[in-house]
Structure formats: structure tokens, C-alpha cells
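*Asks:* Pasting model.pdb here (PDB, C-alpha atoms and all ligand atoms):
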```pdb
ATOM      1  CA  MET T   1     129.179 111.943  91.811
ATOM      2  CA  LEU T   2     126.004 112.911  93.612
ATOM      3  CA  SER T   3     126.302 115.608  96.259
ATOM      4  CA  ASP T   4     124.642 115.417  99.670
ATOM      5  CA  ALA T   5     122.094 117.933  98.342
ATOM      6  CA  ASP T   6     121.312 115.544  95.434
ATOM      7  CA  ILE T   7     120.829 112.678  97.886
ATOM      8  CA  GLY T   8     118.510 114.857  99.984
ATOM      9  CA  ARG T   9     116.511 115.852  96.895
ATOM     10  CA  PHE T  10     116.202 112.218  95.805
ATOM     11  CA  GLY T  11     114.959 111.346  99.296
ATOM     12  CA  ASP T  12     112.330 114.114  99.126
ATOM     13  CA  GLU T  13     111.221 113.851  95.503
ATOM     14  CA  GLY T  14     112.140 110.329  94.347
ATOM     15  CA  PHE T  15     114.066 111.323  91.225
ATOM     16  CA  LEU T  16     117.109 113.187  89.896
ATOM     17  CA  VAL T  17     118.185 114.483  86.490
ATOM     18  CA  VAL T  18     121.887 114.678  85.622
ATOM     19  CA  ASP T  19     123.005 116.168  82.318
ATOM     20  CA  ASP T  20     126.294 115.655  80.431
ATOM     21  CA  VAL T  21     126.986 112.148  81.707
ATOM     22  CA  LEU T  22     127.958 110.897  78.211
ATOM     23  CA  SER T  23     129.691 112.933  75.506
ATOM     24  CA  PRO T  24     128.001 113.712  72.151
ATOM     25  CA  ASP T  25     130.406 111.218  70.473
ATOM     26  CA  GLU T  26     129.380 108.469  72.881
ATOM     27  CA  VAL T  27     125.696 109.211  72.259
ATOM     28  CA  HIS T  28     126.336 109.062  68.511
ATOM     29  CA  ASP T  29     128.063 105.663  68.864
ATOM     30  CA  LEU T  30     125.278 104.306  71.091
ATOM     31  CA  ARG T  31     122.628 105.366  68.591
ATOM     32  CA  ASP T  32     124.521 103.396  65.941
ATOM     33  CA  VAL T  33     124.810 100.364  68.223
ATOM     34  CA  CYS T  34     121.087 100.503  69.067
ATOM     35  CA  ASP T  35     120.271 100.735  65.383
ATOM     36  CA  SER T  36     122.491  97.813  64.354
ATOM     37  CA  ASP T  37     121.002  94.538  63.130
ATOM     38  CA  GLU T  38     123.029  92.805  65.839
ATOM     39  CA  VAL T  39     120.989  94.567  68.538
ATOM     40  CA  THR T  40     117.608  94.906  66.924
ATOM     41  CA  ASP T  41     117.384  91.615  65.015
ATOM     42  CA  GLY T  42     116.845  93.571  61.834
ATOM     43  CA  LEU T  43     114.446  96.134  63.278
ATOM     44  CA  LYS T  44     116.062  99.307  61.929
ATOM     45  CA  LEU T  45     115.532 102.884  62.999
ATOM     46  CA  ALA T  46     112.833 103.104  60.368
ATOM     47  CA  GLY T  47     110.866 100.726  62.605
ATOM     48  CA  TYR T  48     111.160 103.158  65.500
ATOM     49  CA  ASP T  49     109.475 105.753  63.306
ATOM     50  CA  ARG T  50     106.267 103.763  63.393
ATOM     51  CA  LYS T  51     106.031 101.811  66.613
ATOM     52  CA  VAL T  52     106.914 101.748  70.263
ATOM     53  CA  VAL T  53     109.915  99.507  70.848
ATOM     54  CA  HIS T  54     110.670  98.017  74.263
ATOM     55  CA  LEU T  55     113.660  95.842  73.516
ATOM     56  CA  LEU T  56     114.469  93.918  76.685
ATOM     57  CA  GLU T  57     117.674  92.103  77.698
ATOM     58  CA  LEU T  58     119.645  94.872  76.012
ATOM     59  CA  THR T  59     122.888  94.089  77.850
ATOM     60  CA  THR T  60     122.907  90.630  76.256
ATOM     61  CA  ARG T  61     122.732  92.108  72.756
ATOM     62  CA  HIS T  62     125.968  94.123  72.541
ATOM     63  CA  PRO T  63     129.155  94.504  74.628
ATOM     64  CA  ALA T  64     128.836  98.322  74.563
ATOM     65  CA  LEU T  65     125.379  98.101  76.144
ATOM     66  CA  ARG T  66     126.694  95.676  78.765
ATOM     67  CA  ALA T  67     129.656  97.970  79.484
ATOM     68  CA  LEU T  68     127.370 100.988  79.853
ATOM     69  CA  ALA T  69     125.367  99.145  82.545
ATOM     70  CA  SER T  70     128.526  99.094  84.720
ATOM     71  CA  ASP T  71     129.856 102.507  83.675
ATOM     72  CA  PRO T  72     131.173 104.253  86.823
ATOM     73  CA  ARG T  73     129.561 107.529  85.785
ATOM     74  CA  ILE T  74     126.208 105.770  86.222
ATOM     75  CA  VAL T  75     126.925 103.143  88.870
ATOM     76  CA  ASP T  76     128.803 105.529  91.227
ATOM     77  CA  ARG T  77     125.604 107.560  91.370
ATOM     78  CA  VAL T  78     123.322 104.545  91.723
ATOM     79  CA  SER T  79     125.545 103.113  94.411
ATOM     80  CA  ARG T  80     125.236 106.276  96.511
ATOM     81  CA  LEU T  81     121.464 105.743  96.436
ATOM     82  CA  ILE T  82     121.121 101.975  96.949
ATOM     83  CA  GLY T  83     124.446 100.802  98.383
ATOM     84  CA  PRO T  84     127.704  99.172  97.264
ATOM     85  CA  ASP T  85     126.379  95.870  95.885
ATOM     86  CA  VAL T  86     124.358  96.516  92.752
ATOM     87  CA  GLN T  87     122.643  94.210  90.248
ATOM     88  CA  LEU T  88     120.447  94.675  87.215
ATOM     89  CA  GLN T  89     116.800  93.680  87.329
ATOM     90  CA  HIS T  90     116.395  94.399  83.616
ATOM     91  CA  SER T  91     117.641  96.539  80.754
ATOM     92  CA  LYS T  92     115.806  97.813  77.703
ATOM     93  CA  LEU T  93     115.797 100.143  74.760
ATOM     94  CA  THR T  94     112.682 102.309  74.937
ATOM     95  CA  THR T  95     111.676 104.297  71.885
ATOM     96  CA  LYS T  96     108.620 106.368  71.028
ATOM     97  CA  PRO T  97     107.576 106.981  67.454
ATOM     98  CA  PRO T  98     106.196 110.369  66.440
ATOM     99  CA  VAL T  99     102.909 108.706  65.563
ATOM    100  CA  GLN T 100      99.693 109.942  67.128
ATOM    101  CA  GLY T 101      98.138 107.492  69.551
ATOM    102  CA  HIS T 102     101.441 105.667  70.226
ATOM    103  CA  GLY T 103     104.013 105.822  72.980
ATOM    104  CA  ALA T 104     102.030 106.989  75.986
ATOM    105  CA  PHE T 105     102.689 105.168  79.261
ATOM    106  CA  ASP T 106      99.966 105.230  81.889
ATOM    107  CA  TRP T 107     100.857 106.232  85.434
ATOM    108  CA  HIS T 108     102.570 103.339  87.191
ATOM    109  CA  GLN T 109     105.109 102.342  89.824
ATOM    110  CA  ASP T 110     107.885 100.048  88.562
ATOM    111  CA  PHE T 111     107.858  98.051  91.804
ATOM    112  CA  ALA T 112     104.347  96.792  90.953
ATOM    113  CA  TYR T 113     105.900  94.846  88.035
ATOM    114  CA  PHE T 114     108.637  93.211  90.117
ATOM    115  CA  PRO T 115     108.073  93.400  93.891
ATOM    116  CA  HIS T 116     111.186  92.767  95.989
ATOM    117  CA  THR T 117     111.862  92.279  99.684
ATOM    118  CA  ASN T 118     112.906  95.945  99.937
ATOM    119  CA  THR T 119     112.513  99.025  97.751
ATOM    120  CA  ASP T 120     116.167  99.838  97.075
ATOM    121  CA  LEU T 121     115.710  99.745  93.303
ATOM    122  CA  VAL T 122     116.197 102.650  90.887
ATOM    123  CA  ALA T 123     115.714 103.042  87.153
ATOM    124  CA  VAL T 124     118.264 104.999  85.130
ATOM    125  CA  MET T 125     117.163 106.283  81.746
ATOM    126  CA  VAL T 126     120.062 107.247  79.470
ATOM    127  CA  MET T 127     118.777 109.631  76.822
ATOM    128  CA  LEU T 128     119.862 109.173  73.204
ATOM    129  CA  ASP T 129     117.655 112.150  72.243
ATOM    130  CA  ASP T 130     116.787 115.224  74.306
ATOM    131  CA  ALA T 131     113.732 114.452  76.460
ATOM    132  CA  THR T 132     111.109 117.184  76.182
ATOM    133  CA  PRO T 133     107.404 117.493  77.034
ATOM    134  CA  GLU T 134     106.812 117.605  73.282
ATOM    135  CA  ASN T 135     108.417 114.207  72.612
ATOM    136  CA  GLY T 136     106.752 112.517  75.560
ATOM    137  CA  CYS T 137     109.292 112.818  78.370
ATOM    138  CA  MET T 138     108.572 111.078  81.667
ATOM    139  CA  SER T 139     106.654 112.907  84.375
ATOM    140  CA  ILE T 140     106.817 111.927  88.033
ATOM    141  CA  VAL T 141     104.628 112.744  91.012
ATOM    142  CA  ARG T 142     107.065 114.318  93.465
ATOM    143  CA  GLY T 143     107.297 112.410  96.730
ATOM    144  CA  SER T 144     105.071 109.553  95.543
ATOM    145  CA  HIS T 145     107.842 107.038  96.329
ATOM    146  CA  VAL T 146     107.042 107.250 100.028
ATOM    147  CA  GLY T 147     103.283 106.736  99.720
ATOM    148  CA  GLY T 148     103.264 102.945  99.371
ATOM    149  CA  LEU T 149     102.319 100.667  96.507
ATOM    150  CA  LEU T 150      99.124 101.670  94.690
ATOM    151  CA  ASP T 151      96.642  99.284  93.108
ATOM    152  CA  HIS T 152      97.749  98.102  89.638
ATOM    153  CA  SER T 153      95.239  95.297  89.120
ATOM    154  CA  LYS T 154      91.903  95.049  87.360
ATOM    155  CA  GLY T 155      89.544  92.141  87.954
ATOM    156  CA  GLY T 156      92.302  90.355  89.864
ATOM    157  CA  TRP T 157      94.846  90.560  87.004
ATOM    158  CA  PHE T 158      97.876  92.815  86.744
ATOM    159  CA  ALA T 159      96.917  95.804  84.592
ATOM    160  CA  GLY T 160     100.348  97.462  84.324
ATOM    161  CA  ALA T 161      98.871 100.835  85.245
ATOM    162  CA  CYS T 162      97.854 102.480  88.490
ATOM    163  CA  GLN T 163      94.092 102.185  88.968
ATOM    164  CA  ASP T 164      93.788 105.145  91.358
ATOM    165  CA  GLU T 165      92.657 107.987  89.084
ATOM    166  CA  GLN T 166      93.357 110.600  91.738
ATOM    167  CA  ALA T 167      96.969 109.548  92.348
ATOM    168  CA  ALA T 168      98.442 112.028  89.824
ATOM    169  CA  SER T 169      95.649 114.606  89.897
ATOM    170  CA  ASP T 170      97.539 117.260  91.886
ATOM    171  CA  LYS T 171      99.392 118.919  88.986
ATOM    172  CA  SER T 172     101.480 121.054  91.376
ATOM    173  CA  ARG T 173     103.244 117.794  92.387
ATOM    174  CA  VAL T 174     103.932 116.592  88.813
ATOM    175  CA  ALA T 175     107.447 117.226  87.444
ATOM    176  CA  ALA T 176     108.528 116.729  83.808
ATOM    177  CA  LEU T 177     111.972 115.087  83.534
ATOM    178  CA  THR T 178     113.938 116.614  80.671
ATOM    179  CA  PRO T 179     117.514 115.314  80.519
ATOM    180  CA  LYS T 180     119.326 116.193  77.306
ATOM    181  CA  ALA T 181     120.830 113.534  75.019
ATOM    182  CA  GLY T 182     123.767 112.114  76.993
ATOM    183  CA  GLY T 183     122.055 112.952  80.285
ATOM    184  CA  ILE T 184     120.257 110.567  82.609
ATOM    185  CA  SER T 185     117.258 110.505  84.903
ATOM    186  CA  ILE T 186     117.204 108.312  87.993
ATOM    187  CA  HIS T 187     113.924 107.417  89.660
ATOM    188  CA  HIS T 188     112.895 105.349  92.661
ATOM    189  CA  CYS T 189     110.978 102.106  92.009
ATOM    190  CA  MET T 190     107.978 103.410  93.991
ATOM    191  CA  SER T 191     107.814 106.768  92.153
ATOM    192  CA  LEU T 192     104.539 107.159  90.303
ATOM    193  CA  HIS T 193     105.422 108.073  86.730
ATOM    194  CA  GLY T 194     104.029 108.094  83.210
ATOM    195  CA  SER T 195     104.541 109.797  79.882
ATOM    196  CA  PRO T 196     102.417 111.093  76.999
ATOM    197  CA  GLU T 197     102.790 110.240  73.325
ATOM    198  CA  ASN T 198     105.493 111.790  71.181
ATOM    199  CA  ALA T 199     104.264 114.823  69.238
ATOM    200  CA  SER T 200     107.687 116.085  68.127
ATOM    201  CA  GLY T 201     107.771 114.646  64.616
ATOM    202  CA  ARG T 202     110.965 112.707  65.439
ATOM    203  CA  PRO T 203     111.607 109.373  67.245
ATOM    204  CA  ARG T 204     112.641 109.527  70.913
ATOM    205  CA  ARG T 205     115.154 106.943  72.103
ATOM    206  CA  GLY T 206     116.390 106.013  75.549
ATOM    207  CA  ILE T 207     118.084 103.135  77.340
ATOM    208  CA  VAL T 208     116.717 102.019  80.710
ATOM    209  CA  TYR T 209     118.782 100.151  83.281
ATOM    210  CA  GLN T 210     116.747  99.008  86.265
ATOM    211  CA  TYR T 211     119.153  98.479  89.165
ATOM    212  CA  ARG T 212     118.578  96.855  92.551
ATOM    213  CA  ALA T 213     120.510  96.460  95.774
ATOM    214  CA  ALA T 214     121.881  92.905  95.785
ATOM    215  CA  ASP T 215     120.051  92.167  99.051
ATOM    216  CA  ALA T 216     116.668  93.039  97.525
ATOM    217  CA  PHE T 217     115.284  89.611  96.548
ATOM    218  CA  GLN T 218     112.621  89.443  93.864
ATOM    219  CA  LEU T 219     109.212  88.122  94.958
ATOM    220  CA  GLY T 220     107.186  88.199  91.746
ATOM    221  CA  GLY T 221     107.235  89.151  88.081
ATOM    222  CA  HIS T 222     109.601  88.262  85.291
ATOM    223  CA  LEU T 223     113.219  87.187  85.290
ATOM    224  CA  PHE T 224     115.105  88.318  82.203
ATOM    225  CA  LEU T 225     118.369  86.971  80.826
ATOM    226  CA  ASP T 226     120.247  89.781  82.576
ATOM    227  CA  THR T 227     118.267  89.767  85.843
ATOM    228  CA  GLY T 228     120.812  89.462  88.636
ATOM    229  CA  TYR T 229     123.733  90.678  86.500
ATOM    230  CA  GLN T 230     126.181  92.020  89.086
ATOM    231  CA  VAL T 231     127.375  95.460  87.971
ATOM    232  CA  ARG T 232     129.196  96.297  91.205
ATOM    233  CA  GLY T 233     130.226  94.533  94.430
ATOM    234  CA  ARG T 234     129.034  91.066  95.419
ATOM    235  CA  PRO T 235     125.879  89.008  95.515
ATOM    236  CA  ALA T 236     124.198  89.144  98.923
ATOM    237  CA  SER T 237     124.390  86.353 101.464
ATOM    238  CA  CYS T 238     121.575  87.916 103.516
ATOM    239  CA  VAL T 239     118.137  89.111 102.423
ATOM    240  CA  ARG T 240     116.990  92.563 103.611
ATOM    241  CA  CYS T 241     113.240  92.846 104.153
ATOM    242  CA  ASP T 242     111.133  95.950 104.577
ATOM    243  CA  GLU T 243     108.016  95.560 106.645
ATOM    244  CA  GLY T 244     104.829  95.580 104.578
ATOM    245  CA  VAL T 245     102.435  93.644 102.417
ATOM    246  CA  HIS T 246     102.659  93.887  98.618
ATOM    247  CA  GLU T 247     100.287  92.583  95.992
ATOM    248  CA  LEU T 248     102.060  90.232  93.557
ATOM    249  CA  PRO T 249     101.458  90.923  89.840
ATOM    250  CA  LYS T 250      99.232  88.171  88.402
ATOM    251  CA  TRP T 251      99.860  87.926  84.654
ATOM    252  CA  GLN T 252      97.024  86.859  82.419
ATOM    253  CA  GLY T 253      97.902  84.280  79.749
ATOM    254  CA  MET T 254     101.143  83.083  81.370
ATOM    255  CA  SER T 255     101.890  79.379  81.027
ATOM    256  CA  PRO T 256     104.032  77.141  83.266
ATOM    257  CA  ALA T 257     106.880  77.867  80.835
ATOM    258  CA  HIS T 258     106.758  81.455  82.130
ATOM    259  CA  GLY T 259     106.718  80.255  85.710
ATOM    260  CA  SER T 260     102.936  80.448  86.117
ATOM    261  CA  VAL T 261     100.789  83.564  86.371
ATOM    262  CA  TRP T 262     103.168  84.986  88.993
ATOM    263  CA  GLY T 263     106.114  85.157  86.599
ATOM    264  CA  GLN T 264     109.287  83.145  87.087
ATOM    265  CA  ALA T 265     110.228  85.033  90.258
ATOM    266  CA  GLY T 266     106.879  84.380  91.897
ATOM    267  CA  ASP T 267     106.723  80.703  91.054
ATOM    268  CA  LEU T 268     107.739  78.996  94.247
ATOM    269  CA  ALA T 269     105.799  75.801  93.663
ATOM    270  CA  ALA T 270     107.702  72.648  92.793
ATOM    271  CA  ARG T 271     107.089  71.274  89.302
ATOM    272  CA  TRP T 272     104.708  68.448  90.192
ATOM    273  CA  ASN T 273     102.527  70.808  92.192
ATOM    274  CA  ARG T 274     102.677  73.609  89.626
ATOM    275  CA  GLU T 275     101.627  71.390  86.737
ATOM    276  CA  ARG T 276      98.792  69.924  88.805
ATOM    277  CA  ASP T 277      97.558  73.417  89.795
ATOM    278  CA  VAL T 278      97.893  75.237  86.517
ATOM    279  CA  GLY T 279      94.314  74.647  85.445
ATOM    280  CA  GLN T 280      93.039  76.133  88.690
ATOM    281  CA  GLN T 281      94.838  79.523  88.507
TER     282      GLN T 281
HETATM  283  O1  LIG D 301     109.870 105.374  77.816
HETATM  284  C1  LIG D 301     109.295 106.119  78.607
HETATM  285  O2  LIG D 301     109.157 107.328  78.433
HETATM  286  C2  LIG D 301     108.722 105.613  79.906
HETATM  287  C3  LIG D 301     109.125 104.226  80.220
HETATM  288  C4  LIG D 301     108.616 103.828  81.550
HETATM  289  O3  LIG D 301     107.807 104.459  82.175
HETATM  290  C5  LIG D 301     109.137 102.614  82.169
HETATM  291  O4  LIG D 301     109.916 101.909  81.515
HETATM  292  O5  LIG D 301     108.792 102.325  83.331
END
```
Transcribe the structure of this file into C-alpha cells.
Ligand SMILES: O=C(O)CCC(=O)C(=O)O

*Replies:*
Amino acid sequence: MLSDADIGRFGDEGFLVVDDVLSPDEVHDLRDVCDSDEVTDGLKLAGYDRKVVHLLELTTRHPALRALASDPRIVDRVSRLIGPDVQLQHSKLTTKPPVQGHGAFDWHQDFAYFPHTNTDLVAVMVMLDDATPENGCMSIVRGSHVGGLLDHSKGGWFAGACQDEQAASDKSRVAALTPKAGGISIHHCMSLHGSPENASGRPRRGIVYQYRAADAFQLGGHLFLDTGYQVRGRPASCVRCDEGVHELPKWQGMSPAHGSVWGQAGDLAARWNRERDVGQQ
């Protein structure tokens, strides 16, 4: 469980690291599950040696990965941060190969990808390998979660990366998150974070569960097969809205099948209107 001091630190800094959440045996079993054909559609660990893998909808691929999403050791902690009714927004396996020029993530805020009516969303990364600066662990700008949503668009299209070059320039505010294998990091959806490539010579594997309070309703971006999966409590019958104005991510190359350029969550037009307008977006 998180202590009051942990809650205070999360409020100040926007992230927490908790080690020894899973046992070494559990980590070993999860590595096997994540390397199974059933989960990876034939993409074996050898594949992770060469490329970045972001395997979404992970909870739909194996019962153990679905069970881990609701594991009380994780959800008790999440629930202290975002309340009793908790859903998934997405889940993914995220691996970094030890190949130069691969695996770096530019500075970004997760909320820019999937704006909601409030910001009670947190990402949990479960480490299957120790996270170190050498293998490209995540870094976060302390306190950036309270500074508002930064610009993530270029030429009117969602760029997936923060466009403010100064946003992470104060190195005294940048913290490297280094949970060990079996440990977790938890970060706020507005925390500005990024990570360098993996220079360790070995793959780095982690599982990300992006959780949201059930009364945070999605306004834009993608809906995955497990979006809305209730891991604790009940669906909300009321929507909770923070005051503010957020830019919606506008995705280049998205067709009506993806719910228009705004993603499925941002497509509020009825079909006749959407199909008529698609050429004008
Ligand atoms: O895999 C990583 O190290 C970073 C992933 C990340 O930043 C994200 O999923 O938002």
C-alpha cells in the first residue's frame, strides 16, 4: 500500500517507484508469457533484440496479463491515487532492443494522446528487466504534471512529442526512474517524460497498464480492445470534468474506419455526416 508520504510525493513530483511488487518467479513466468507465440503472434524474443516492440491490447492476449492488470498489489496503489473505480485505457508490452538508434522516446505527456474530461489517469510500468539509465529507463520532469498540457502538434497534426524544446531543459528537475525487475513505476498522465535508447547490450522489457478513474471520459484518441476494461469498482454514472481547454490529437492518415482523424474517441459525428466530411478534414 502507498503511505501518506508516498501520496504527498506523488502530488509534488508526479511519479513513484515501488520495488519488489512481483517475486523473481513471477517475473520469470511473465517473461515466458510475453515471449510466447500466443502473445506475440510469433514474434519471439529474438525479435526484441532488433526492434522496438509496442504490443498493444496486451490484456486480450493472455489470461495472466489480464489478471496482472487487476492485481491488488498494483490496483490498491493506483486506487489510492485515482479513486475506487478504475478502468484501463490501454495495455502494452514495451521493449527496447540494444540497437543503436532505436528505442528512444521523445519527451511527451500521455494525456496528449488520449485527452479525458479530467486528469485522474496514471501509467504503471511493470519491469521485466531492471530499468537503468544505461538501458534507456524513463526520465520524468519533476512537478511537470501540474503545468498544463504542452503543445504536441506540428503543422496542425499530432506529432506524439512535446514541441517545447525548453520544457525538459532544467536538468535539476529531471529524475531517472529505475525500478528493478519485479518493481513498478507509476506516473501521472500529465507528467512530461521520455527515455533514451538502450545501450546496455541486452533487451529491456516492460509492461504498461494505463489506468483511469471511471468518471474520466475520453475525448479524443484511440480506443483499444481493452479500453474501458473495469479492473476495480463500477463504471461511472456521472462524468467528472476539470476546467480547461485541451487540444485534441489530430492523427494524420486516419480513415473513417479509425473514427476519423480524431481517433474513435473523438469521432462524435454521426455516420452520414462523417462520411460526407471526410474529404474536407
Ligand atoms: O518504454 C519506455 O521506456 C517509455 C514508454 C513511454 O514513454 C510511454 O509508453 O508513454

*Asks:* Between T:Glu26, T:Asp12, T:Asp110, T:Asp4, which one has atoms that come closest to ligand LIG 301 (chain D), using all atoms listed in the file?

*Replies:* T:Asp110

*Asks:* Distance limit 7 Å, reference ligand LIG 301 (chain D), atoms considered: only C-alpha atoms and all ligand atoms. Which residues make the cut? Give them as JSON, numbers by chain.

*Replies:* {"T": [94, 95, 96, 105, 110, 136, 137, 138, 193, 194, 195, 206, 208]}

*Asks:* Please determine, counting all atoms listed in the file, which residue among T:Pro72, T:Val124, T:Lys92, T:Met190 has the shortest atom-to-atom distance to T:Cys34.

*Replies:*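 Nearest candidate to T:Cys34 out of T:Pro72, T:Val124, T:Lys92, T:Met190: T:Lys92.
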
*Asks:* Write out as a compact mmCIF listing (two decimals) with C-alpha atoms, in the frame of the given file each polymer residue whose atoms come within 7 Å of stretch 242-252 of chain T, counting all atoms listed in the file; drop sequence neighbours fewer than 6 positions from it.

*Replies:*
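So selection-v1.txt came out as:
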```txt
# COMPACT_ATOMS: atom_id res chain seq x y z
CA ALA T 112 104.35 96.79 90.95
CA TYR T 113 105.90 94.85 88.04
CA PRO T 115 108.07 93.40 93.89
CA THR T 117 111.86 92.28 99.68
CA ASN T 118 112.91 95.94 99.94
CA TRP T 157 94.85 90.56 87.00
CA PHE T 158 97.88 92.82 86.74
CA GLY T 220 107.19 88.20 91.75
CA GLY T 221 107.24 89.15 88.08
CA VAL T 261 100.79 83.56 86.37
CA TRP T 262 103.17 84.99 88.99
```

*Asks:* Given 6 Å of margin on each side, can you work out the centre and size in Å (one decimal) of an axis-aligned box holding every listed atom of stretch 194-200 of chain T, as JSON?

*Replies:*
```
{"center_x": 105.1, "center_y": 112.1, "center_z": 75.7, "size_x": 17.3, "size_y": 20.0, "size_z": 27.1}
```

*Asks:* Could you tell me which of T:Pro84, T:Glu197, T:Leu268, T:Gly182 comes closest to T:Ala236 if we count all atoms listed in the file?

*Replies:*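 Looking only at the distances to T:Ala236, the closest residue turns out to be T:Pro84.
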
*Asks:* Could you tell me which residues the PyMOL selection byres (((chain T and resi 22) around 12) and not hetatm) returns for this structure, as a PDB file with C-alpha atoms, in the frame of the given file?

*Replies:*
```pdb
ATOM      1  CA  VAL T  18     121.887 114.678  85.622  1.00  0.00           C
ATOM      2  CA  ASP T  19     123.005 116.168  82.318  1.00  0.00           C
ATOM      3  CA  ASP T  20     126.294 115.655  80.431  1.00  0.00           C
ATOM      4  CA  VAL T  21     126.986 112.148  81.707  1.00  0.00           C
ATOM      5  CA  SER T  23     129.691 112.933  75.506  1.00  0.00           C
ATOM      6  CA  PRO T  24     128.001 113.712  72.151  1.00  0.00           C
ATOM      7  CA  ASP T  25     130.406 111.218  70.473  1.00  0.00           C
ATOM      8  CA  GLU T  26     129.380 108.469  72.881  1.00  0.00           C
ATOM      9  CA  VAL T  27     125.696 109.211  72.259  1.00  0.00           C
ATOM     10  CA  HIS T  28     126.336 109.062  68.511  1.00  0.00           C
ATOM     11  CA  ASP T  29     128.063 105.663  68.864  1.00  0.00           C
ATOM     12  CA  LEU T  30     125.278 104.306  71.091  1.00  0.00           C
ATOM     13  CA  LEU T  68     127.370 100.988  79.853  1.00  0.00           C
ATOM     14  CA  ASP T  71     129.856 102.507  83.675  1.00  0.00           C
ATOM     15  CA  PRO T  72     131.173 104.253  86.823  1.00  0.00           C
ATOM     16  CA  ARG T  73     129.561 107.529  85.785  1.00  0.00           C
ATOM     17  CA  ILE T  74     126.208 105.770  86.222  1.00  0.00           C
ATOM     18  CA  VAL T 126     120.062 107.247  79.470  1.00  0.00           C
ATOM     19  CA  MET T 127     118.777 109.631  76.822  1.00  0.00           C
ATOM     20  CA  LEU T 128     119.862 109.173  73.204  1.00  0.00           C
ATOM     21  CA  ASP T 129     117.655 112.150  72.243  1.00  0.00           C
ATOM     22  CA  PRO T 179     117.514 115.314  80.519  1.00  0.00           C
ATOM     23  CA  LYS T 180     119.326 116.193  77.306  1.00  0.00           C
ATOM     24  CA  ALA T 181     120.830 113.534  75.019  1.00  0.00           C
ATOM     25  CA  GLY T 182     123.767 112.114  76.993  1.00  0.00           C
ATOM     26  CA  GLY T 183     122.055 112.952  80.285  1.00  0.00           C
ATOM     27  CA  ILE T 184     120.257 110.567  82.609  1.00  0.00           C
TER      28      ILE T 184
END
```

*Asks:* List the neighbours of T:Ala265 out to 10 Å using all atoms listed in the file; skip same-chain residues closer than 4 positions along the sequence, and give me the result as JSON, numbers by chain.

*Replies:* {"T": [114, 115, 116, 217, 218, 219, 220, 221, 222, 223, 224, 258, 259, 260]}

*Asks:* Using the chain letters and numbers from this file, what does the PyMOL selection byres (((chain T and resi 80) around 10) and not hetatm) select? Give the answer as an MDAnalysis selection string.

*Replies:* chainID T and resid 1:4 7 75:79 81:84

*Asks:* Just how far from atom CA of T:His145 is atom CA of T:Leu192, in Å to one decimal?

*Replies:*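 So the two atoms, atom CA of T:Leu192 and atom CA of T:His145, lie 6.9 Å apart.
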
*Asks:* Report the distance between atom CA of T:Ser169 and atom CA of T:His54 in Å, rounded to one decimal place.

*Replies:*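 Result for atom CA of T:Ser169 versus atom CA of T:His54: 27.3 Å, one decimal.
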
*Asks:* Kindly provide, as a list in words, the polymer residues lying within 10 Å of (120.6, 86.5, 89.2), counting only C-alpha atoms and using the coordinates exactly as they appear in the file.

*Replies:*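 So the residues meeting the distance criterion are Gln87, Leu88, Gln89, Ala214, Phe217, Gln218, Leu223, Phe224, Leu225, Asp226, Thr227, Gly228, Tyr229, Gln230 and Pro235 of chain T.
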
*Asks:* Write out the residues from the selection above, keeping C-alpha atoms, as an mmCIF file, in the coordinates of the input.

*Replies:*
```
data_model
loop_
_atom_site.group_PDB
_atom_site.id
_atom_site.type_symbol
_atom_site.label_atom_id
_atom_site.label_comp_id
_atom_site.auth_asym_id
_atom_site.auth_seq_id
_atom_site.Cartn_x
_atom_site.Cartn_y
_atom_site.Cartn_z
ATOM 1 C CA GLN T 87 122.643 94.210 90.248
ATOM 2 C CA LEU T 88 120.447 94.675 87.215
ATOM 3 C CA GLN T 89 116.800 93.680 87.329
ATOM 4 C CA ALA T 214 121.881 92.905 95.785
ATOM 5 C CA PHE T 217 115.284 89.611 96.548
ATOM 6 C CA GLN T 218 112.621 89.443 93.864
ATOM 7 C CA LEU T 223 113.219 87.187 85.290
ATOM 8 C CA PHE T 224 115.105 88.318 82.203
ATOM 9 C CA LEU T 225 118.369 86.971 80.826
ATOM 10 C CA ASP T 226 120.247 89.781 82.576
ATOM 11 C CA THR T 227 118.267 89.767 85.843
ATOM 12 C CA GLY T 228 120.812 89.462 88.636
ATOM 13 C CA TYR T 229 123.733 90.678 86.500
ATOM 14 C CA GLN T 230 126.181 92.020 89.086
ATOM 15 C CA PRO T 235 125.879 89.008 95.515
#
```

*Asks:* N, CA and C atoms are what I want for stretch 24-35 of chain T; can you complete it accordingly and write them as a PDB file, in the frame of the given file?

*Replies:*
```
ATOM      1  N   PRO T  24     128.735 113.831  73.422  1.00  0.00           N
ATOM      2  CA  PRO T  24     128.001 113.712  72.151  1.00  0.00           C
ATOM      3  C   PRO T  24     128.535 112.572  71.283  1.00  0.00           C
ATOM      4  N   ASP T  25     129.852 112.332  71.279  1.00  0.00           N
ATOM      5  CA  ASP T  25     130.406 111.218  70.473  1.00  0.00           C
ATOM      6  C   ASP T  25     129.912 109.869  70.989  1.00  0.00           C
ATOM      7  N   GLU T  26     129.862 109.735  72.310  1.00  0.00           N
ATOM      8  CA  GLU T  26     129.380 108.469  72.881  1.00  0.00           C
ATOM      9  C   GLU T  26     127.906 108.252  72.540  1.00  0.00           C
ATOM     10  N   VAL T  27     127.124 109.332  72.592  1.00  0.00           N
ATOM     11  CA  VAL T  27     125.696 109.211  72.259  1.00  0.00           C
ATOM     12  C   VAL T  27     125.559 108.793  70.794  1.00  0.00           C
ATOM     13  N   HIS T  28     126.363 109.400  69.942  1.00  0.00           N
ATOM     14  CA  HIS T  28     126.336 109.062  68.511  1.00  0.00           C
ATOM     15  C   HIS T  28     126.645 107.578  68.324  1.00  0.00           C
ATOM     16  N   ASP T  29     127.685 107.082  68.995  1.00  0.00           N
ATOM     17  CA  ASP T  29     128.063 105.663  68.864  1.00  0.00           C
ATOM     18  C   ASP T  29     126.957 104.748  69.401  1.00  0.00           C
ATOM     19  N   LEU T  30     126.340 105.142  70.513  1.00  0.00           N
ATOM     20  CA  LEU T  30     125.278 104.306  71.091  1.00  0.00           C
ATOM     21  C   LEU T  30     124.054 104.260  70.185  1.00  0.00           C
ATOM     22  N   ARG T  31     123.760 105.386  69.546  1.00  0.00           N
ATOM     23  CA  ARG T  31     122.628 105.366  68.591  1.00  0.00           C
ATOM     24  C   ARG T  31     122.913 104.349  67.486  1.00  0.00           C
ATOM     25  N   ASP T  32     124.164 104.358  66.998  1.00  0.00           N
ATOM     26  CA  ASP T  32     124.521 103.396  65.941  1.00  0.00           C
ATOM     27  C   ASP T  32     124.396 101.963  66.436  1.00  0.00           C
ATOM     28  N   VAL T  33     124.891 101.721  67.653  1.00  0.00           N
ATOM     29  CA  VAL T  33     124.810 100.364  68.223  1.00  0.00           C
ATOM     30  C   VAL T  33     123.347  99.941  68.331  1.00  0.00           C
ATOM     31  N   CYS T  34     122.504 100.851  68.854  1.00  0.00           N
ATOM     32  CA  CYS T  34     121.087 100.503  69.067  1.00  0.00           C
ATOM     33  C   CYS T  34     120.349 100.340  67.743  1.00  0.00           C
ATOM     34  N   ASP T  35     120.921 100.852  66.691  1.00  0.00           N
ATOM     35  CA  ASP T  35     120.271 100.735  65.383  1.00  0.00           C
ATOM     36  C   ASP T  35     120.849  99.581  64.558  1.00  0.00           C
TER      37      ASP T  35
END
```
